[in-house]
>>> print(open('coords_18.pdb').read())   # PDB, C-alpha atoms
ATOM      1  CA  PHE H   1      -0.202  19.724   4.072
ATOM      2  CA  LEU H   2       3.220  18.118   3.858
ATOM      3  CA  LYS H   3       4.464  16.790   0.565
ATOM      4  CA  SER H   4       5.084  13.072   0.148
ATOM      5  CA  ALA H   5       8.865  13.568   0.011
ATOM      6  CA  GLU H   6       8.809  15.501   3.299
ATOM      7  CA  ILE H   7       6.715  12.806   4.981
ATOM      8  CA  GLU H   8       9.042  10.089   3.699
ATOM      9  CA  LYS H   9      12.140  11.874   4.979
ATOM     10  CA  THR H  10      10.573  12.477   8.403
ATOM     11  CA  LEU H  11       9.341   8.897   8.757
ATOM     12  CA  VAL H  12      12.696   7.378   7.808
ATOM     13  CA  GLU H  13      14.459   9.641  10.324
ATOM     14  CA  VAL H  14      12.007   8.817  13.140
ATOM     15  CA  VAL H  15      12.193   5.067  12.532
ATOM     16  CA  ARG H  16      16.001   5.133  12.451
ATOM     17  CA  ARG H  17      16.152   7.193  15.644
ATOM     18  CA  GLU H  18      13.466   5.400  17.655
ATOM     19  CA  ILE H  19      13.834   1.794  16.498
ATOM     20  CA  GLY H  20      17.255   1.683  14.866
ATOM     21  CA  PRO H  21      18.710   0.995  11.435
ATOM     22  CA  VAL H  22      17.593  -2.641  11.464
ATOM     23  CA  ALA H  23      13.949  -1.497  11.177
ATOM     24  CA  ALA H  24      14.542   1.375   8.766
ATOM     25  CA  PHE H  25      12.610   1.316   5.532
ATOM     26  CA  LYS H  26      13.705   2.784   2.241
ATOM     27  CA  LYS H  27      10.523   3.574   0.384
ATOM     28  CA  PHE H  28       7.326   5.345   1.347
ATOM     29  CA  VAL H  29       4.311   5.725  -0.917
ATOM     30  CA  ALA H  30       1.329   7.837   0.090
ATOM     31  CA  VAL H  31      -1.875   6.451  -1.395
ATOM     32  CA  LYS H  32      -5.335   7.956  -1.415
ATOM     33  CA  ARG H  33      -7.022   4.944   0.152
ATOM     34  CA  LEU H  34      -6.516   1.346   1.217
ATOM     35  CA  PRO H  35      -8.698  -1.700   0.640
ATOM     36  CA  LYS H  36     -10.965  -1.977   3.662
ATOM     37  CA  THR H  37     -13.658  -4.392   4.635
ATOM     38  CA  ARG H  38     -17.112  -3.226   5.567
ATOM     39  CA  SER H  39     -16.065  -3.541   9.220
ATOM     40  CA  GLY H  40     -13.133  -1.151   8.629
ATOM     41  CA  LYS H  41     -10.220  -3.613   8.630
ATOM     42  CA  VAL H  42      -7.439  -3.132   6.085
ATOM     43  CA  ALA H  43      -7.010  -6.147   3.786
ATOM     44  CA  ARG H  44      -3.295  -6.614   4.463
ATOM     45  CA  ASN H  45      -3.046 -10.047   2.842
ATOM     46  CA  THR H  46      -4.177  -8.717  -0.532
ATOM     47  CA  LEU H  47      -1.834  -5.725  -0.218
ATOM     48  CA  THR H  48       1.065  -8.094   0.456
ATOM     49  CA  ALA H  49       0.177 -10.232  -2.569
ATOM     50  CA  LEU H  50      -0.191  -7.138  -4.763
ATOM     51  CA  LEU H  51       3.250  -5.827  -3.790
ATOM     52  CA  ASN H  52       4.906  -9.259  -4.066
ATOM     53  CA  GLY H  53       3.610  -9.845  -7.589
ATOM     54  CA  LYS H  54       1.261 -12.682  -6.652
ATOM     55  CA  SER H  55      -2.310 -13.217  -7.707
ATOM     56  CA  PHE H  56      -4.948 -12.735  -5.034
ATOM     57  CA  ARG H  57      -8.653 -13.049  -4.465
ATOM     58  CA  ILE H  58     -10.538  -9.882  -3.560
ATOM     59  CA  PRO H  59     -12.580 -10.716  -0.465
ATOM     60  CA  SER H  60     -16.333 -10.356  -0.816
ATOM     61  CA  THR H  61     -16.310  -8.106   2.258
ATOM     62  CA  ILE H  62     -14.247  -5.335   0.573
ATOM     63  CA  GLU H  63     -16.191  -2.066   0.502
ATOM     64  CA  ASP H  64     -14.985  -0.923  -2.917
ATOM     65  CA  GLU H  65     -13.127  -3.255  -5.279
ATOM     66  CA  THR H  66     -11.948  -0.369  -7.477
ATOM     67  CA  VAL H  67      -9.427   0.546  -4.794
ATOM     68  CA  TYR H  68      -7.116  -2.147  -6.216
ATOM     69  CA  ASP H  69      -7.077  -0.488  -9.640
ATOM     70  CA  ASP H  70      -6.264   2.847  -7.991
ATOM     71  CA  LEU H  71      -3.493   1.252  -5.913
ATOM     72  CA  ARG H  72      -1.950  -0.358  -9.000
ATOM     73  CA  LYS H  73      -1.851   3.033 -10.747
ATOM     74  CA  GLU H  74      -0.344   4.807  -7.738
ATOM     75  CA  LEU H  75       2.240   2.088  -7.086
ATOM     76  CA  THR H  76       3.217   1.932 -10.757
ATOM     77  CA  ALA H  77       3.700   5.709 -10.754
ATOM     78  CA  ALA H  78       5.918   5.290  -7.667
ATOM     79  CA  GLY H  79       8.147   2.865  -9.572
ATOM     80  CA  TYR H  80       6.805  -0.510  -8.495
ATOM     81  CA  LYS H  81       6.826  -3.190 -11.187
ATOM     82  CA  ASN H  82       5.417  -6.699 -11.505
ATOM     83  CA  LEU H  83       2.458  -6.048  -9.238
ATOM     84  CA  GLY H  84       0.082  -8.889  -8.478
ATOM     85  CA  LYS H  85      -3.373  -9.056 -10.018
ATOM     86  CA  PRO H  86      -6.707 -10.190  -8.652
ATOM     87  CA  ASN H  87      -7.890 -13.618  -9.781
ATOM     88  CA  GLN H  88     -10.673 -13.514 -12.336
ATOM     89  CA  THR H  89     -13.839 -15.095 -10.984
TER      90      THR H  89
END
>>> encode(input="coords_18.pdb", output="structure tokens")
Amino acid sequence: FLKSAEIEKTLVEVVRREIGPVAAFKKFVAVKRLPKTRSGKVARNTLTALLNGKSFRIPSTIEDETVYDDLRKELTAAGYKNLGKPNQT
């Protein structure tokens, strides 16, 4: 398996070459899993809120709510600060 740093370097190079510098990203974080609904869709709106430091509601259709705790730990370890939190119900 490739290490996260190797994947990041390769992805940045490919995006710069294929799409151009305007679409290049600067940070890549490999996570173990993403929040998915029972139908297999990734809950992008809650990911966006989490990364933008906003509160969010965990949809009732999420397979495993603990994924958000895992994501917070992984993103904090990667240097992200001021992450959003789920609303208390």
>>> closest_residue(input="coords_18.pdb", among="H:Val42, H:Ile7, H:Val12, H:Leu50", to="Tyr68 (chain H)", atoms="all atoms listed in the file")
H:Leu50
>>> resolve_selection(input="coords_18.pdb", expression="the PyMOL selection byres ((chain H and resi 82) around 10)", output="ChimeraX atom specification")
/H:50-54,76,80-81,83-85
>>> write_last_selection(input="coords_18.pdb", atoms="C-alpha atoms", output="short mmCIF file (atom, residue, chain, number, x, y, z; two decimals), in the coordinates of the input")
data_model
loop_
_atom_site.label_atom_id
_atom_site.label_comp_id
_atom_site.auth_asym_id
_atom_site.auth_seq_id
_atom_site.Cartn_x
_atom_site.Cartn_y
_atom_site.Cartn_z
CA LEU H 50 -0.19 -7.14 -4.76
CA LEU H 51 3.25 -5.83 -3.79
CA ASN H 52 4.91 -9.26 -4.07
CA GLY H 53 3.61 -9.85 -7.59
CA LYS H 54 1.26 -12.68 -6.65
CA THR H 76 3.22 1.93 -10.76
CA TYR H 80 6.80 -0.51 -8.49
CA LYS H 81 6.83 -3.19 -11.19
CA LEU H 83 2.46 -6.05 -9.24
CA GLY H 84 0.08 -8.89 -8.48
CA LYS H 85 -3.37 -9.06 -10.02
#
>>> closest_residue(input="coords_18.pdb", among="H:Gly20, H:Glu74, H:Gly40, H:Ala30", to="Glu8 (chain H)", atoms="all atoms listed in the file")
H:Ala30
>>> residues_around(input="coords_18.pdb", residues="Asn87 (chain H)", least_positions_apart="2", cutoff="6 Å", atoms="all atoms listed in the file", output="JSON, numbers by chain")
{"H": [55, 56, 57]}
>>> closest_residue(input="coords_18.pdb", among="H:Thr61, H:Val22, H:Leu2, H:Thr10", to="Thr37 (chain H)", atoms="only C-alpha atoms")
H:Thr61
>>> closest_residue(input="coords_18.pdb", among="H:Ala77, H:Lys32, H:Lys27, H:Arg72", to="Ala49 (chain H)", atoms="all atoms listed in the file")
H:Arg72
>>> closest_residue(input="coords_18.pdb", among="H:Gly79, H:Lys9, H:Glu18, H:Pro86", to="Leu47 (chain H)", atoms="all atoms listed in the file")
H:Pro86
>>> residues_around(input="coords_18.pdb", residues="Ile62 (chain H)", least_positions_apart="3", cutoff="7 Å", atoms="all atoms listed in the file", output="number ranges by chain")
H: 35-38, 59, 65
>>> axis_aligned_box(input="coords_18.pdb", around="region 14-29 of chain H", padding_each_side="4 Å", output="JSON")
{"center_x": 11.5, "center_y": 3.1, "center_z": 8.4, "size_x": 22.4, "size_y": 19.5, "size_z": 26.6}
>>> atom_distance(input="coords_18.pdb", atom1="CA of Ala78 (chain H)", atom2="CA of Val29 (chain H)")
7.0 Å
>>> atom_distance(input="coords_18.pdb", atom1="CA of Arg44 (chain H)", atom2="CA of Ile58 (chain H)")
11.3 Å
>>> atom_distance(input="coords_18.pdb", atom1="CA of Ser4 (chain H)", atom2="CA of Thr48 (chain H)")
21.5 Å
